[in-house]
Each structure stands twice: as structure tokens, then as C-alpha cells.
>>> print(open('final-v5.pdb').read())   # PDB, C-alpha atoms
ATOM      1  CA  MET A   1       0.000   0.000   0.000
ATOM      2  CA  ALA A   2       2.826   2.404   0.919
ATOM      3  CA  SER A   3       4.633   1.493  -2.295
ATOM      4  CA  GLN A   4       1.578   2.412  -4.350
ATOM      5  CA  ASN A   5       1.333   5.828  -2.614
ATOM      6  CA  THR A   6       5.013   6.531  -3.286
ATOM      7  CA  ASP A   7       4.619   5.635  -6.958
ATOM      8  CA  THR A   8       1.564   7.891  -7.175
ATOM      9  CA  ASN A   9       3.431  10.865  -5.625
ATOM     10  CA  LEU A  10       6.419  10.419  -7.949
ATOM     11  CA  SER A  11       4.093  10.230 -10.943
ATOM     12  CA  THR A  12       2.340  13.426  -9.843
ATOM     13  CA  VAL A  13       5.651  15.306  -9.409
ATOM     14  CA  ALA A  14       6.830  14.120 -12.817
ATOM     15  CA  ASP A  15       3.597  15.265 -14.436
ATOM     16  CA  GLU A  16       3.828  18.711 -12.799
ATOM     17  CA  THR A  17       7.433  19.079 -13.898
ATOM     18  CA  MET A  18       6.564  18.188 -17.475
ATOM     19  CA  ASP A  19       3.681  20.625 -17.437
ATOM     20  CA  SER A  20       6.030  23.436 -16.238
ATOM     21  CA  VAL A  21       8.563  22.610 -18.940
ATOM     22  CA  ASN A  22       5.846  22.534 -21.593
ATOM     23  CA  ARG A  23       4.479  25.903 -20.474
ATOM     24  CA  PHE A  24       8.000  27.357 -20.496
ATOM     25  CA  VAL A  25       8.656  26.088 -24.013
ATOM     26  CA  ALA A  26       5.215  27.179 -25.187
ATOM     27  CA  TYR A  27       5.852  30.683 -23.825
ATOM     28  CA  PHE A  28       8.934  31.106 -25.975
ATOM     29  CA  GLN A  29       7.154  29.549 -28.943
ATOM     30  CA  ASP A  30       4.329  32.059 -28.703
ATOM     31  CA  THR A  31       4.526  34.112 -31.908
ATOM     32  CA  GLU A  32       2.246  36.846 -30.619
ATOM     33  CA  MET A  33       4.511  37.348 -27.580
ATOM     34  CA  TRP A  34       7.570  37.825 -29.789
ATOM     35  CA  ILE A  35       5.667  40.182 -32.102
ATOM     36  CA  GLY A  36       4.491  42.261 -29.136
ATOM     37  CA  LEU A  37       7.998  42.336 -27.646
ATOM     38  CA  GLY A  38       9.436  43.364 -31.006
ATOM     39  CA  ILE A  39       6.909  46.194 -31.281
ATOM     40  CA  LYS A  40       7.771  47.394 -27.760
ATOM     41  CA  LEU A  41      11.520  47.276 -28.409
ATOM     42  CA  THR A  42      11.033  49.109 -31.701
ATOM     43  CA  GLY A  43       8.993  51.758 -29.908
ATOM     44  CA  VAL A  44      11.685  52.085 -27.233
ATOM     45  CA  ALA A  45      14.387  52.462 -29.900
ATOM     46  CA  LEU A  46      12.342  55.133 -31.693
ATOM     47  CA  ILE A  47      11.731  56.990 -28.424
ATOM     48  CA  ILE A  48      15.441  56.972 -27.563
ATOM     49  CA  LEU A  49      16.368  58.090 -31.065
ATOM     50  CA  ALA A  50      13.744  60.848 -31.097
ATOM     51  CA  LEU A  51      14.794  62.207 -27.700
ATOM     52  CA  TYR A  52      18.486  62.000 -28.668
ATOM     53  CA  VAL A  53      17.802  64.003 -31.832
ATOM     54  CA  ALA A  54      15.673  66.456 -29.843
ATOM     55  CA  SER A  55      18.498  66.848 -27.314
ATOM     56  CA  ARG A  56      21.044  67.590 -30.028
ATOM     57  CA  ILE A  57      18.723  70.068 -31.744
ATOM     58  CA  LEU A  58      17.752  71.902 -28.546
ATOM     59  CA  THR A  59      21.321  72.119 -27.199
ATOM     60  CA  SER A  60      22.524  73.383 -30.577
ATOM     61  CA  MET A  61      19.763  75.988 -30.604
ATOM     62  CA  VAL A  62      20.685  77.114 -27.089
ATOM     63  CA  GLN A  63      24.352  77.334 -28.045
ATOM     64  CA  ARG A  64      23.502  79.338 -31.146
ATOM     65  CA  VAL A  65      21.187  81.697 -29.234
ATOM     66  CA  PHE A  66      23.894  82.490 -26.683
ATOM     67  CA  ALA A  67      26.470  82.823 -29.465
ATOM     68  CA  MET A  68      24.245  85.401 -31.193
ATOM     69  CA  ARG A  69      24.223  87.680 -28.158
ATOM     70  CA  LYS A  70      25.956  90.964 -28.906
ATOM     71  CA  ILE A  71      28.881  91.141 -26.522
ATOM     72  CA  LYS A  72      31.722  93.614 -26.783
ATOM     73  CA  GLU A  73      35.043  92.082 -27.715
ATOM     74  CA  HIS A  74      36.782  93.283 -24.551
ATOM     75  CA  ASP A  75      33.865  92.570 -22.191
ATOM     76  CA  ILE A  76      35.431  89.463 -20.658
ATOM     77  CA  VAL A  77      32.993  89.324 -17.723
ATOM     78  CA  THR A  78      29.904  89.139 -19.947
ATOM     79  CA  GLN A  79      31.582  86.585 -22.213
ATOM     80  CA  ARG A  80      32.275  84.267 -19.279
ATOM     81  CA  GLN A  81      28.769  84.720 -17.925
ATOM     82  CA  ASN A  82      27.379  83.893 -21.349
ATOM     83  CA  GLU A  83      29.454  80.695 -21.549
ATOM     84  CA  THR A  84      28.395  79.596 -18.047
ATOM     85  CA  LEU A  85      24.670  80.087 -18.705
ATOM     86  CA  SER A  86      24.971  78.334 -22.071
ATOM     87  CA  LYS A  87      26.499  75.198 -20.541
ATOM     88  CA  LEU A  88      23.997  75.226 -17.670
ATOM     89  CA  ALA A  89      21.040  75.455 -20.066
ATOM     90  CA  GLN A  90      22.408  72.630 -22.232
ATOM     91  CA  ASN A  91      22.938  70.365 -19.201
ATOM     92  CA  THR A  92      19.422  71.124 -17.947
ATOM     93  CA  ILE A  93      17.951  70.117 -21.330
ATOM     94  CA  ARG A  94      19.909  66.842 -21.265
ATOM     95  CA  TYR A  95      18.761  66.024 -17.709
ATOM     96  CA  VAL A  96      15.074  66.780 -18.444
ATOM     97  CA  LEU A  97      15.001  64.824 -21.703
ATOM     98  CA  GLY A  98      16.854  61.931 -20.041
ATOM     99  CA  LEU A  99      14.199  61.775 -17.313
ATOM    100  CA  ILE A 100      11.412  61.904 -19.902
ATOM    101  CA  MET A 101      13.086  59.084 -21.839
ATOM    102  CA  ILE A 102      13.305  56.849 -18.753
ATOM    103  CA  LEU A 103       9.656  57.406 -17.826
ATOM    104  CA  THR A 104       8.462  56.872 -21.408
ATOM    105  CA  VAL A 105      10.435  53.629 -21.784
ATOM    106  CA  LEU A 106       9.026  52.322 -18.505
ATOM    107  CA  GLY A 107       5.542  53.185 -19.741
ATOM    108  CA  GLN A 108       6.114  51.053 -22.849
ATOM    109  CA  PHE A 109       6.581  48.021 -20.590
ATOM    110  CA  GLY A 110       3.382  48.620 -18.641
ATOM    111  CA  VAL A 111       4.791  50.488 -15.655
ATOM    112  CA  ASN A 112       2.284  52.875 -14.054
ATOM    113  CA  ILE A 113       4.100  56.188 -14.549
ATOM    114  CA  ALA A 114       1.558  58.219 -12.552
ATOM    115  CA  GLY A 115       1.923  55.935  -9.571
ATOM    116  CA  LEU A 116       5.689  55.935  -9.996
ATOM    117  CA  ILE A 117       5.814  59.737  -9.940
ATOM    118  CA  ALA A 118       3.578  59.862  -6.851
ATOM    119  CA  SER A 119       5.744  57.287  -5.121
ATOM    120  CA  ALA A 120       8.869  59.174  -6.122
ATOM    121  CA  GLY A 121       7.518  62.272  -4.401
ATOM    122  CA  VAL A 122       7.024  60.422  -1.117
ATOM    123  CA  ALA A 123      10.307  58.565  -1.498
ATOM    124  CA  GLY A 124      12.114  61.777  -2.374
ATOM    125  CA  LEU A 125      10.883  63.364   0.846
ATOM    126  CA  ALA A 126      12.241  60.437   2.833
ATOM    127  CA  ILE A 127      15.525  60.353   0.913
ATOM    128  CA  SER A 128      16.052  64.085   1.362
ATOM    129  CA  PHE A 129      16.432  63.603   5.113
ATOM    130  CA  GLY A 130      19.246  61.128   4.477
ATOM    131  CA  ALA A 131      20.820  63.150   1.677
ATOM    132  CA  GLN A 132      21.019  66.562   3.291
ATOM    133  CA  ASN A 133      24.510  67.198   1.911
ATOM    134  CA  LEU A 134      23.283  66.577  -1.638
ATOM    135  CA  VAL A 135      20.335  68.937  -1.142
ATOM    136  CA  LYS A 136      22.688  71.534   0.346
ATOM    137  CA  ASP A 137      25.026  71.214  -2.665
ATOM    138  CA  VAL A 138      22.158  71.761  -5.101
ATOM    139  CA  ILE A 139      20.706  74.752  -3.252
ATOM    140  CA  THR A 140      24.111  76.397  -2.838
ATOM    141  CA  GLY A 141      24.896  75.758  -6.520
ATOM    142  CA  ALA A 142      21.669  77.475  -7.538
ATOM    143  CA  PHE A 143      22.547  80.560  -5.470
ATOM    144  CA  ILE A 144      26.094  80.632  -6.901
ATOM    145  CA  ILE A 145      24.746  80.618 -10.452
ATOM    146  CA  PHE A 146      21.874  83.064 -10.025
ATOM    147  CA  GLU A 147      23.869  85.466  -7.848
ATOM    148  CA  ASN A 148      26.686  85.331 -10.399
ATOM    149  CA  GLN A 149      29.325  84.768  -7.708
ATOM    150  CA  TYR A 150      31.668  83.293 -10.327
ATOM    151  CA  LYS A 151      31.481  81.795 -13.786
ATOM    152  CA  ASN A 152      33.508  79.833 -16.318
ATOM    153  CA  GLY A 153      36.915  81.365 -16.894
ATOM    154  CA  ASP A 154      37.060  83.291 -13.609
ATOM    155  CA  TYR A 155      40.142  82.959 -11.429
ATOM    156  CA  VAL A 156      38.918  82.359  -7.868
ATOM    157  CA  ASN A 157      40.026  81.258  -4.434
ATOM    158  CA  LEU A 158      37.583  79.086  -2.499
ATOM    159  CA  ASN A 159      37.591  78.908   1.296
ATOM    160  CA  GLN A 160      41.108  80.431   1.277
ATOM    161  CA  GLN A 161      42.373  76.933   0.457
ATOM    162  CA  VAL A 162      42.029  76.183  -3.258
ATOM    163  CA  ASP A 163      42.539  78.563  -6.143
ATOM    164  CA  GLY A 164      42.381  78.164  -9.891
ATOM    165  CA  THR A 165      40.421  78.927 -13.033
ATOM    166  CA  VAL A 166      36.765  77.859 -13.057
ATOM    167  CA  ILE A 167      36.219  75.371 -15.889
ATOM    168  CA  GLU A 168      32.683  74.296 -14.975
ATOM    169  CA  VAL A 169      29.950  75.554 -12.664
ATOM    170  CA  GLY A 170      27.388  72.846 -12.024
ATOM    171  CA  ILE A 171      24.316  72.554  -9.851
ATOM    172  CA  ARG A 172      26.153  70.221  -7.442
ATOM    173  CA  THR A 173      29.892  70.801  -7.919
ATOM    174  CA  THR A 174      32.428  73.368  -9.097
ATOM    175  CA  LYS A 175      35.562  72.397 -11.059
ATOM    176  CA  LEU A 176      38.759  74.424 -10.776
ATOM    177  CA  LYS A 177      41.901  74.042 -12.877
ATOM    178  CA  GLY A 178      45.118  74.969 -11.085
ATOM    179  CA  LEU A 179      48.294  76.490 -12.459
ATOM    180  CA  ASN A 180      49.876  73.036 -12.782
ATOM    181  CA  GLY A 181      46.910  71.639 -14.703
ATOM    182  CA  GLN A 182      45.332  69.769 -11.796
ATOM    183  CA  VAL A 183      41.521  69.779 -11.661
ATOM    184  CA  THR A 184      39.869  70.149  -8.242
ATOM    185  CA  ILE A 185      36.192  69.241  -7.843
ATOM    186  CA  ILE A 186      34.492  70.887  -4.858
ATOM    187  CA  PRO A 187      30.897  70.221  -3.712
ATOM    188  CA  ASN A 188      29.035  73.518  -3.741
ATOM    189  CA  GLY A 189      27.741  72.945  -0.213
ATOM    190  CA  GLN A 190      31.301  73.136   1.128
ATOM    191  CA  ILE A 191      32.001  76.553  -0.429
ATOM    192  CA  MET A 192      31.830  79.076   2.408
ATOM    193  CA  GLN A 193      34.010  81.889   1.056
ATOM    194  CA  VAL A 194      34.699  82.996  -2.511
ATOM    195  CA  THR A 195      37.425  85.391  -3.595
ATOM    196  CA  ASN A 196      36.930  86.272  -7.246
ATOM    197  CA  TYR A 197      39.863  87.964  -8.992
ATOM    198  CA  SER A 198      37.997  88.369 -12.285
ATOM    199  CA  LEU A 199      35.087  90.664 -11.423
ATOM    200  CA  GLU A 200      37.070  93.904 -11.406
ATOM    201  CA  ASN A 201      40.420  95.096 -12.707
ATOM    202  CA  SER A 202      43.377  93.694 -10.787
ATOM    203  CA  VAL A 203      46.194  95.660  -9.183
ATOM    204  CA  ALA A 204      49.792  94.512  -9.509
ATOM    205  CA  VAL A 205      51.820  95.399  -6.420
ATOM    206  CA  VAL A 206      55.613  95.243  -6.727
ATOM    207  CA  ASP A 207      58.150  95.953  -4.002
ATOM    208  CA  ILE A 208      61.782  96.655  -4.911
ATOM    209  CA  GLY A 209      64.639  97.211  -2.477
ATOM    210  CA  VAL A 210      67.666  99.493  -2.971
ATOM    211  CA  ALA A 211      70.704 100.057  -0.819
ATOM    212  CA  TYR A 212      70.672 102.630   1.988
ATOM    213  CA  GLU A 213      73.663 104.359   0.395
ATOM    214  CA  GLU A 214      71.656 105.362  -2.704
ATOM    215  CA  ASP A 215      70.245 108.882  -3.041
ATOM    216  CA  MET A 216      66.477 108.724  -2.531
ATOM    217  CA  ALA A 217      65.642 111.433  -5.056
ATOM    218  CA  LYS A 218      67.780 109.691  -7.690
ATOM    219  CA  VAL A 219      66.121 106.359  -6.947
ATOM    220  CA  GLU A 220      62.582 107.746  -7.191
ATOM    221  CA  GLN A 221      63.382 109.514 -10.460
ATOM    222  CA  ALA A 222      64.822 106.260 -11.863
ATOM    223  CA  LEU A 223      61.773 104.248 -10.808
ATOM    224  CA  LYS A 224      59.435 106.754 -12.493
ATOM    225  CA  GLU A 225      61.457 106.610 -15.703
ATOM    226  CA  ILE A 226      61.468 102.815 -15.707
ATOM    227  CA  ALA A 227      57.711 102.767 -15.056
ATOM    228  CA  LYS A 228      57.135 105.128 -17.995
ATOM    229  CA  THR A 229      59.207 102.891 -20.266
ATOM    230  CA  VAL A 230      57.263  99.796 -19.168
ATOM    231  CA  GLU A 231      53.925 101.511 -19.857
ATOM    232  CA  GLU A 232      54.983 102.377 -23.405
ATOM    233  CA  LYS A 233      56.424  98.920 -24.037
ATOM    234  CA  TYR A 234      53.396  97.020 -22.704
ATOM    235  CA  HIS A 235      50.625  99.533 -23.410
ATOM    236  CA  ASP A 236      47.966  96.807 -23.847
ATOM    237  CA  LEU A 237      48.577  95.434 -20.354
ATOM    238  CA  PHE A 238      48.494  98.511 -18.132
ATOM    239  CA  ILE A 239      45.131 100.288 -17.895
ATOM    240  CA  GLU A 240      46.322 103.202 -15.749
ATOM    241  CA  PRO A 241      49.824 104.691 -15.371
ATOM    242  CA  ILE A 242      52.099 102.835 -12.972
ATOM    243  CA  THR A 243      52.101 104.598  -9.620
ATOM    244  CA  LEU A 244      55.118 104.975  -7.356
ATOM    245  CA  ALA A 245      53.592 104.748  -3.884
ATOM    246  CA  GLY A 246      56.864 105.664  -2.186
ATOM    247  CA  VAL A 247      58.913 104.042   0.564
ATOM    248  CA  GLN A 248      57.054 100.986   1.827
ATOM    249  CA  SER A 249      59.431  99.843   4.552
ATOM    250  CA  LEU A 250      62.986 100.011   5.867
ATOM    251  CA  GLY A 251      64.565  96.580   5.807
ATOM    252  CA  PRO A 252      67.733  95.307   7.448
ATOM    253  CA  SER A 253      69.863  96.219   4.445
ATOM    254  CA  GLU A 254      67.548  97.954   1.966
ATOM    255  CA  VAL A 255      64.980 100.675   1.489
ATOM    256  CA  VAL A 256      61.861  99.099  -0.014
ATOM    257  CA  TYR A 257      59.887 101.087  -2.603
ATOM    258  CA  ARG A 258      56.409 100.062  -3.772
ATOM    259  CA  LEU A 259      54.936 100.442  -7.255
ATOM    260  CA  MET A 260      51.297  99.737  -8.147
ATOM    261  CA  ALA A 261      49.618  99.243 -11.515
ATOM    262  CA  GLU A 262      45.999  98.646 -12.536
ATOM    263  CA  VAL A 263      45.684  95.845 -15.090
ATOM    264  CA  PRO A 264      42.872  93.718 -16.579
ATOM    265  CA  PRO A 265      41.352  90.999 -14.364
ATOM    266  CA  THR A 266      43.760  88.183 -13.372
ATOM    267  CA  GLN A 267      46.668  89.879 -15.200
ATOM    268  CA  HIS A 268      48.404  91.059 -12.023
ATOM    269  CA  PHE A 269      50.645  87.975 -11.971
ATOM    270  CA  ALA A 270      51.982  88.643 -15.469
ATOM    271  CA  ALA A 271      52.293  92.374 -14.811
ATOM    272  CA  GLY A 272      54.231  91.725 -11.610
ATOM    273  CA  ARG A 273      56.713  89.472 -13.389
ATOM    274  CA  ILE A 274      57.243  92.058 -16.135
ATOM    275  CA  LEU A 275      57.765  94.874 -13.627
ATOM    276  CA  HIS A 276      60.295  92.883 -11.618
ATOM    277  CA  LYS A 277      62.272  92.098 -14.760
ATOM    278  CA  GLU A 278      62.244  95.669 -16.093
ATOM    279  CA  LEU A 279      63.076  97.188 -12.709
ATOM    280  CA  LYS A 280      66.100  94.944 -12.294
ATOM    281  CA  ALA A 281      67.402  95.783 -15.769
ATOM    282  CA  GLY A 282      66.662  99.518 -15.407
ATOM    283  CA  LEU A 283      68.331  99.891 -12.012
ATOM    284  CA  ASP A 284      71.388  97.978 -13.199
ATOM    285  CA  GLU A 285      71.717 100.337 -16.178
ATOM    286  CA  ARG A 286      71.639 103.371 -13.872
ATOM    287  CA  GLY A 287      74.138 101.895 -11.447
ATOM    288  CA  ILE A 288      71.666 101.734  -8.563
ATOM    289  CA  GLU A 289      72.457  98.821  -6.283
ATOM    290  CA  ILE A 290      69.860  96.245  -5.335
ATOM    291  CA  PRO A 291      71.275  94.765  -2.107
ATOM    292  CA  TYR A 292      71.482  91.054  -1.512
ATOM    293  CA  PRO A 293      72.702  89.007   1.461
ATOM    294  CA  ARG A 294      76.462  88.699   1.737
ATOM    295  CA  THR A 295      78.571  86.369   3.834
ATOM    296  CA  VAL A 296      81.756  87.782   5.372
ATOM    297  CA  MET A 297      84.389  85.265   6.392
ATOM    298  CA  MET A 298      86.613  86.364   9.306
ATOM    299  CA  PRO A 299      89.858  84.467   9.750
ATOM    300  CA  PRO A 300      90.423  83.121  13.270
ATOM    301  CA  THR A 301      92.773  85.162  15.423
ATOM    302  CA  THR A 302      95.695  83.474  17.217
ATOM    303  CA  SER A 303      95.406  83.906  20.951
ATOM    304  CA  THR A 304      98.550  83.785  23.160
ATOM    305  CA  LYS A 305      96.580  83.678  26.347
ATOM    306  CA  GLY A 306      97.732  80.711  28.430
ATOM    307  CA  ALA A 307     100.391  79.698  25.882
ATOM    308  CA  PRO A 308     103.714  78.534  27.342
ATOM    309  CA  GLU A 309     106.539  80.995  27.094
ATOM    310  CA  ASN A 310     109.566  80.100  25.000
ATOM    311  CA  ALA A 311     112.441  79.146  27.154
ATOM    312  CA  GLY A 312     114.969  80.540  24.731
TER     313      GLY A 312
END
>>> encode(input="final-v5.pdb", output="C-alpha cells")
Amino acid sequence: MASQNTDTNLSTVADETMDSVNRFVAYFQDTEMWIGLGIKLTGVALIILALYVASRILTSMVQRVFAMRKIKEHDIVTQRQNETLSKLAQNTIRYVLGLIMILTVLGQFGVNIAGLIASAGVAGLAISFGAQNLVKDVITGAFIIFENQYKNGDYVNLNQQVDGTVIEVGIRTTKLKGLNGQVTIIPNGQIMQVTNYSLENSVAVVDIGVAYEEDMAKVEQALKEIAKTVEEKYHDLFIEPITLAGVQSLGPSEVVYRLMAEVPPTQHFAAGRILHKELKAGLDERGIEIPYPRTVMMPPTTSTKGAPENAG
């Protein structure tokens, strides 16, 4: 009797297994299923292609619109602002169309988009409590952009720690390129202080020391002549005449004079290097000494204190 029950159970399991296999095979042999799947995949491909083409067209239109803006050739600030807004608008178009593409593709496979959006709103509220730094980055990025704190091409210092040229201002991060080519990516939420060297004209400040023995009137006259020569030689760099501020300090071995020059934004580094070079050459030509540290070697003196007297 027990043997008959065991045989019956095994037969039942075998029949159920065969039925599952047959249904599985029949599913993949269903022509209508493959036709429907092909139609869905074709629709998805067309949607992706259409949105890709739309993205290219819209970003090109945005780029052309910003390129058509009438900006003066020497208005560097407006040019950088224009470039920043252009890239931001293009990225926004890509993000929006990408989201539309995802939702549309999910809808092709029977996903309830309305319910998904409603759920995303509730889920987003819950996620926001756990992603406060991300929300802070986005909000701070929006204020940076709309308040025009800095833009692409500006030379800035952030938090008195990192400086460089802004190569991209995003909603979440800012990218800086340093003098050595390194790229630093900083979350916008961590930016507490911004020093922008590109909003207004820069001022090159150069200190030069001369020896105490030099005649002050002669030195000041020489510095003014050198400054005049530099202005004529580099007339495109200096906006206002180079100013001799006077004696800045009295050092251990030199009298320090200060010169100041107004130059275009971020050009104070180049102007400072040029002034140092021309001042050195000009002072050398006029025989005015620029002091430098010297080392004086004193030979040891022979002491006879405590030495034994010669017997002879």
C-alpha cells in the first residue's frame, strides 16, 4: 500500500514538472509574444532616437542663441557669464530629456508612470532627510549661479584653500583648474568663502629694495622713468599709469619702494613678473644697487693667552 502511494506521488511530481517545462517552451514559442515584444523594443528604440535628436537640436539651438548675443570684444565678464549660462542650459535640457526618456520607456513596458511619480515624491521626501549634503550642494549651486558669484573662466580662491580657473559651474559641484593643470572638484555645499579675482580690474603690487647708500631722489626719479618705459612697451597690459607709492618699509639692508599698476582681471601675476624684470634691468643700467645678502668670512685670530713661554 505504501509502495503504491510513493509511486503515485512520484508520478504526480513528474507530471507537474513536465507541465512546467511545456508551459515554459510554449511561452517562448508564442509568436504573438515575440511580435508584441518586437513592437515594444522598436517603440523604445524610436523613443530613444527621437529624444536623442531632440536633445542635439535643442542644445545646438541654445548654443547658437547664446552665441548670437551681442557682446563687446573686450567685455570678458559678460563673455564668461554667457558661456556659463549656455552650458547650464544645455545640461538642464539633457537632464530633463533623459528623465522623460526613462519614464516613457518604462511606460512602454506597462509600468504605471503616474503611480511611480507619486511614489517618487514620497520617497524623495524620505531620501532628502538622508541626503542633506546633496540637497545643500544643489541649493548652494543654484545661489552661486543666479547670484553670479563666479562663472567659467574666472580665477577664484575658495575657502582660502584652493585657487584656480573655473572650468565648470554645475548645480552640485564646481571644477577648478590649477596652475599646474590639476583639476579640483568641490561640492558647492562646502564653499563658504569665494574670492573672485575676475570681477574687477586687478592691481599689480611690486616691491623693490635698494641700498641705503643710494640717493632717494635719484632712486625715485629712476623708478618713475622705468615705469614710464614699461607703460609704453606694454601699453595693452596697463590700464592706468604705474604709480610709485613711495617708501614701503625700511629693511635690514635695503629701502623698499612700492609700485602699483591697474591691469585687466587676473593679469596682475603677469604684470608683476614684467615689472620685476624691467626694474632689475633699469636699475642695473643706472648703477643703482639692489642689495642682496652677503657672507663675510673672518679668519680666526691666534690667541697667546695661556700659551707657554719660549724658554729661549
>>> closest_residue(input="final-v5.pdb", among="A:Ile48, A:Ile239, A:Leu223, A:Val205", to="A:Leu103", atoms="only C-alpha atoms")
A:Ile48
>>> atom_distance(input="final-v5.pdb", atom1="atom CA of A:Asp163", atom2="atom CA of A:Ile144")
16.6 Å
>>> atom_distance(input="final-v5.pdb", atom1="atom CA of A:Met216", atom2="atom CA of A:Val247")
9.4 Å
>>> atom_distance(input="final-v5.pdb", atom1="atom CA of A:Val219", atom2="atom CA of A:Ile290")
10.9 Å
>>> residues_around(input="final-v5.pdb", residues="A:Val162", least_positions_apart="6", cutoff="9 Å", atoms="all atoms listed in the file", output="PDB file with C-alpha atoms, keeping the file's coordinate frame")
ATOM      1  CA  VAL A 156      38.918  82.359  -7.868  1.00  0.00           C
ATOM      2  CA  LEU A 176      38.759  74.424 -10.776  1.00  0.00           C
ATOM      3  CA  GLY A 178      45.118  74.969 -11.085  1.00  0.00           C
ATOM      4  CA  THR A 184      39.869  70.149  -8.242  1.00  0.00           C
TER       5      THR A 184
END
>>> residues_around(input="final-v5.pdb", residues="stretch 86-96 of chain A", least_positions_apart="5", cutoff="12 Å", atoms="all atoms listed in the file", output="ChimeraX atom specification")
/A:51-69,79-81,101-103,141-142,145-146,151-152,167-172
>>> residues_around(input="final-v5.pdb", residues="A:Leu244", least_positions_apart="3", cutoff="8 Å", atoms="only C-alpha atoms", output="PyMOL selection string")
chain A and resi 220+223-224+257-260
>>> resolve_selection(input="final-v5.pdb", expression="the PyMOL selection byres ((chain A and resi 222) around 12)", output="count of residues only")
29
>>> closest_residue(input="final-v5.pdb", among="A:Val256, A:Ala211, A:Ala271, A:Val230", to="A:Glu289", atoms="all atoms listed in the file")
A:Ala211
>>> residues_around(input="final-v5.pdb", residues="A:Val203", least_positions_apart="3", cutoff="6 Å", atoms="all atoms listed in the file", output="MDAnalysis selection string")
chainID A and resid 261:263 268
>>> closest_residue(input="final-v5.pdb", among="A:Gly98, A:Pro187, A:Gly181, A:Gly272", to="A:Ile139", atoms="only C-alpha atoms")
A:Pro187
>>> closest_residue(input="final-v5.pdb", among="A:Gln108, A:Glu147, A:Gly251, A:Met297", to="A:Leu46", atoms="only C-alpha atoms")
A:Gln108
>>> residues_near_point(input="final-v5.pdb", point="(32.7, 74.1, -1.2)", cutoff="12 Å", atoms="only C-alpha atoms", output="count of residues only")
31
>>> decode(input="final-v5.pdb", residues="stretch 129-159 of chain A", atoms="C-alpha atoms", output="PDB file, in the first residue's frame")
ATOM      1  CA  PHE A 129      16.432  63.603   5.113  1.00  0.00           C
ATOM      2  CA  GLY A 130      19.246  61.128   4.477  1.00  0.00           C
ATOM      3  CA  ALA A 131      20.820  63.150   1.677  1.00  0.00           C
ATOM      4  CA  GLN A 132      21.019  66.562   3.291  1.00  0.00           C
ATOM      5  CA  ASN A 133      24.510  67.198   1.911  1.00  0.00           C
ATOM      6  CA  LEU A 134      23.283  66.577  -1.638  1.00  0.00           C
ATOM      7  CA  VAL A 135      20.335  68.937  -1.142  1.00  0.00           C
ATOM      8  CA  LYS A 136      22.688  71.534   0.346  1.00  0.00           C
ATOM      9  CA  ASP A 137      25.026  71.214  -2.665  1.00  0.00           C
ATOM     10  CA  VAL A 138      22.158  71.761  -5.101  1.00  0.00           C
ATOM     11  CA  ILE A 139      20.706  74.752  -3.252  1.00  0.00           C
ATOM     12  CA  THR A 140      24.111  76.397  -2.838  1.00  0.00           C
ATOM     13  CA  GLY A 141      24.896  75.758  -6.520  1.00  0.00           C
ATOM     14  CA  ALA A 142      21.669  77.475  -7.538  1.00  0.00           C
ATOM     15  CA  PHE A 143      22.547  80.560  -5.470  1.00  0.00           C
ATOM     16  CA  ILE A 144      26.094  80.632  -6.901  1.00  0.00           C
ATOM     17  CA  ILE A 145      24.746  80.618 -10.452  1.00  0.00           C
ATOM     18  CA  PHE A 146      21.874  83.064 -10.025  1.00  0.00           C
ATOM     19  CA  GLU A 147      23.869  85.466  -7.848  1.00  0.00           C
ATOM     20  CA  ASN A 148      26.686  85.331 -10.399  1.00  0.00           C
ATOM     21  CA  GLN A 149      29.325  84.768  -7.708  1.00  0.00           C
ATOM     22  CA  TYR A 150      31.668  83.293 -10.327  1.00  0.00           C
ATOM     23  CA  LYS A 151      31.481  81.795 -13.786  1.00  0.00           C
ATOM     24  CA  ASN A 152      33.508  79.833 -16.318  1.00  0.00           C
ATOM     25  CA  GLY A 153      36.915  81.365 -16.894  1.00  0.00           C
ATOM     26  CA  ASP A 154      37.060  83.291 -13.609  1.00  0.00           C
ATOM     27  CA  TYR A 155      40.142  82.959 -11.429  1.00  0.00           C
ATOM     28  CA  VAL A 156      38.918  82.359  -7.868  1.00  0.00           C
ATOM     29  CA  ASN A 157      40.026  81.258  -4.434  1.00  0.00           C
ATOM     30  CA  LEU A 158      37.583  79.086  -2.499  1.00  0.00           C
ATOM     31  CA  ASN A 159      37.591  78.908   1.296  1.00  0.00           C
TER      32      ASN A 159
END
